[in-house]
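Structure record follows, encoded as structure tokens.
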Amino acid sequence: MSIDVAGYRADPPGTHPPLDSPDYRSTARRHPREPLILLPHTLTEITGPVLGHDAVQPGEHDLTFRHRGDPIGQKIIVFGRLLDGNGRAIPDSLIEIWQANAAGRYRHIGDRWDAPLDPNFDGVGRTLTDKHGRYEFVTIQPGAYPWGNHHNAWRPAHIHFSVFGRAFTQRLVTQMYFPGDPLFAQDPIFNATPESARPRLISRFSLERTRPNWALAFEFDIVLRGREQTPFEEPHD
């Protein structure tokens with residue numbers, strides 16, 4: 001990441017969803033009720049800890065290759081670049097993902113809706129960006145799932161992304177959606193994002209990177225600052 005020791009640039013207004021979004025009902029219990037206090041970054045927060053290459057093992061980017069059998073569902077390749085606000089590549093940055101399986105169920109003790117777990121899919125992976133800021137995951141197309149926010153509420157298919165920089169304070173979380181999802185219109189999490197920024201959360205189908213008889217491909221670039229910044233789940237002003 002580009003680091004300014006004096007502090008980080010503020011994000012443009014209208015980039016991120018508000019902390020309190022009434023249609024997304026659980027934000028009423030989560031959002032801060034008092035004004036946030038800005039704690040200046042010191043050298044400790046900006047310079048460490050540093051991620052070492054040994055933390056990520058080969059193959060952790062492939063969520064389909066960890067068990068004896070193949071996971072159920074459409075295999076997909078998710079790829080893109082991690083960029084700063086000036087369009088420059090961010091190398092050696094940790095990207096983690098987590099997602100539901102093809103039936104729309106997470107491997108999590110709190111997810112108990114009536115959909116099958118897949119014994120060959122745990123739904124988590126991580127990788128490091130290369131010197132050009134590129135990343136790639138192999139995974140399964142996630143399914144939609146009900147979540148009880150409102151009547152007949154279903155989350156659109158999505159993959160959670162966590163991006164780490166080279167400092168403890170540099171962690172950003174977002175969600176990647178798939179093009180043409182019919183559930184966008186009724187999803188308050190997607191619609192809490194300012195309308196002009198929503199397209200940045202939707203991946204682009206890539207026939208060029210689709211592998212014949214093997215996997216579809218979707219491109220999703222992540223931009224950390226500037227006018228084209230990817231919306232994240234918490235403002236980082």
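FYI, nothing fancy with the structure tokens labels: chains A, B, ... in order, residues from 1 per chain, ligands from 1 as they appear.
Residues surrounding range 15-27 of chain A within 9 Å are Asp11, Pro12, Pro13, Arg29, Arg30, His31, Pro32, Asn149, His150, Asp187, Pro188, Ile189, Phe190, Asn191, Ala192, Thr193, Pro194, Ser196, Ala197, Arg227, Glu228, Gln229, Thr230, Pro231, Phe232, Glu233, Glu234 and Pro235 of chain A [only C-alpha atoms; sequence separation below 2 positions excluded].
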For range 91-111 of chain A versus range 71-77 of chain A, which residues have an atom no more than 12 Å away, and what is each residue's nearest atom pair and distance in Å rounded to one decimal, using only C-alpha atoms, chain-then-number order, as CSV?
residue,atom,partner,partner_atom,distance
A:Ala100,CA,A:Gly73,CA,11.4
A:Asn101,CA,A:Gly73,CA,8.0
A:Ala102,CA,A:Gly73,CA,5.3
A:Ala103,CA,A:Gly73,CA,8.3
A:Gly104,CA,A:Gly73,CA,10.7
*Residue neighbourhood Gln99 in chain A, 7 Å, only C-alpha atoms, exclusion window fewer than 2 positions, as a PyMOL selection string*: chain A and resi 97+101+106+123-124+142+159-160
Find the residues of range 62-158 of chain A that sit at most 10 Å from range 198-219 of chain A; for each, write down the nearest two atoms and how far apart they are in Å, to one decimal. Count only C-alpha atoms. Sort by chain, then by number going up, and give it as JSON lines.
{"residue": "A:Gln74", "atom": "CA", "partner": "A:Ala215", "partner_atom": "CA", "distance": 7.2}
{"residue": "A:Lys75", "atom": "CA", "partner": "A:Ala215", "partner_atom": "CA", "distance": 4.9}
{"residue": "A:Ile76", "atom": "CA", "partner": "A:Leu216", "partner_atom": "CA", "distance": 4.7}
{"residue": "A:Ile77", "atom": "CA", "partner": "A:Ala217", "partner_atom": "CA", "distance": 4.5}
{"residue": "A:Val78", "atom": "CA", "partner": "A:Phe218", "partner_atom": "CA", "distance": 5.0}
{"residue": "A:Phe79", "atom": "CA", "partner": "A:Glu219", "partner_atom": "CA", "distance": 5.0}
{"residue": "A:Gly80", "atom": "CA", "partner": "A:Glu219", "partner_atom": "CA", "distance": 5.3}
{"residue": "A:Arg81", "atom": "CA", "partner": "A:Glu219", "partner_atom": "CA", "distance": 8.7}
{"residue": "A:Glu136", "atom": "CA", "partner": "A:Glu219", "partner_atom": "CA", "distance": 9.2}
{"residue": "A:Phe137", "atom": "CA", "partner": "A:Ala217", "partner_atom": "CA", "distance": 9.9}
{"residue": "A:Val138", "atom": "CA", "partner": "A:Ala215", "partner_atom": "CA", "distance": 8.5}
{"residue": "A:Thr139", "atom": "CA", "partner": "A:Ala215", "partner_atom": "CA", "distance": 9.1}
{"residue": "A:Ile140", "atom": "CA", "partner": "A:Ala215", "partner_atom": "CA", "distance": 9.0}
{"residue": "A:Gln141", "atom": "CA", "partner": "A:Leu216", "partner_atom": "CA", "distance": 9.2}
{"residue": "A:His158", "atom": "CA", "partner": "A:Ile202", "partner_atom": "CA", "distance": 9.1}
*So, counting only C-alpha atoms, which residue among A:Arg33, A:Arg66, A:His151, A:Arg88 is closest to Lys131 in chain A?*
A:Arg88
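Distances from A:Gly69, A:Pro58, A:Gly180, A:Gly125 to Phe161 in chain A were compared using only C-alpha atoms, and the smallest one belongs to A:Gly125.
A straight line drawn from CA of Leu94 in chain A to CA of Phe164 in chain A is 5.1 Å long.
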*as a count of residues only, please: all residues of chain A that backbone DSSP puts in strand (DSSP E).*
53
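From CA of Arg171 in chain A back to CA of Ser93 in chain A, the distance works out to 10.4 Å.
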*From the set A:Thr129, A:Thr64, A:Gln186, A:Gln57, which residue has the shortest atom-to-atom contact distance to Asp221 in chain A, counting only C-alpha atoms?*
A:Thr129
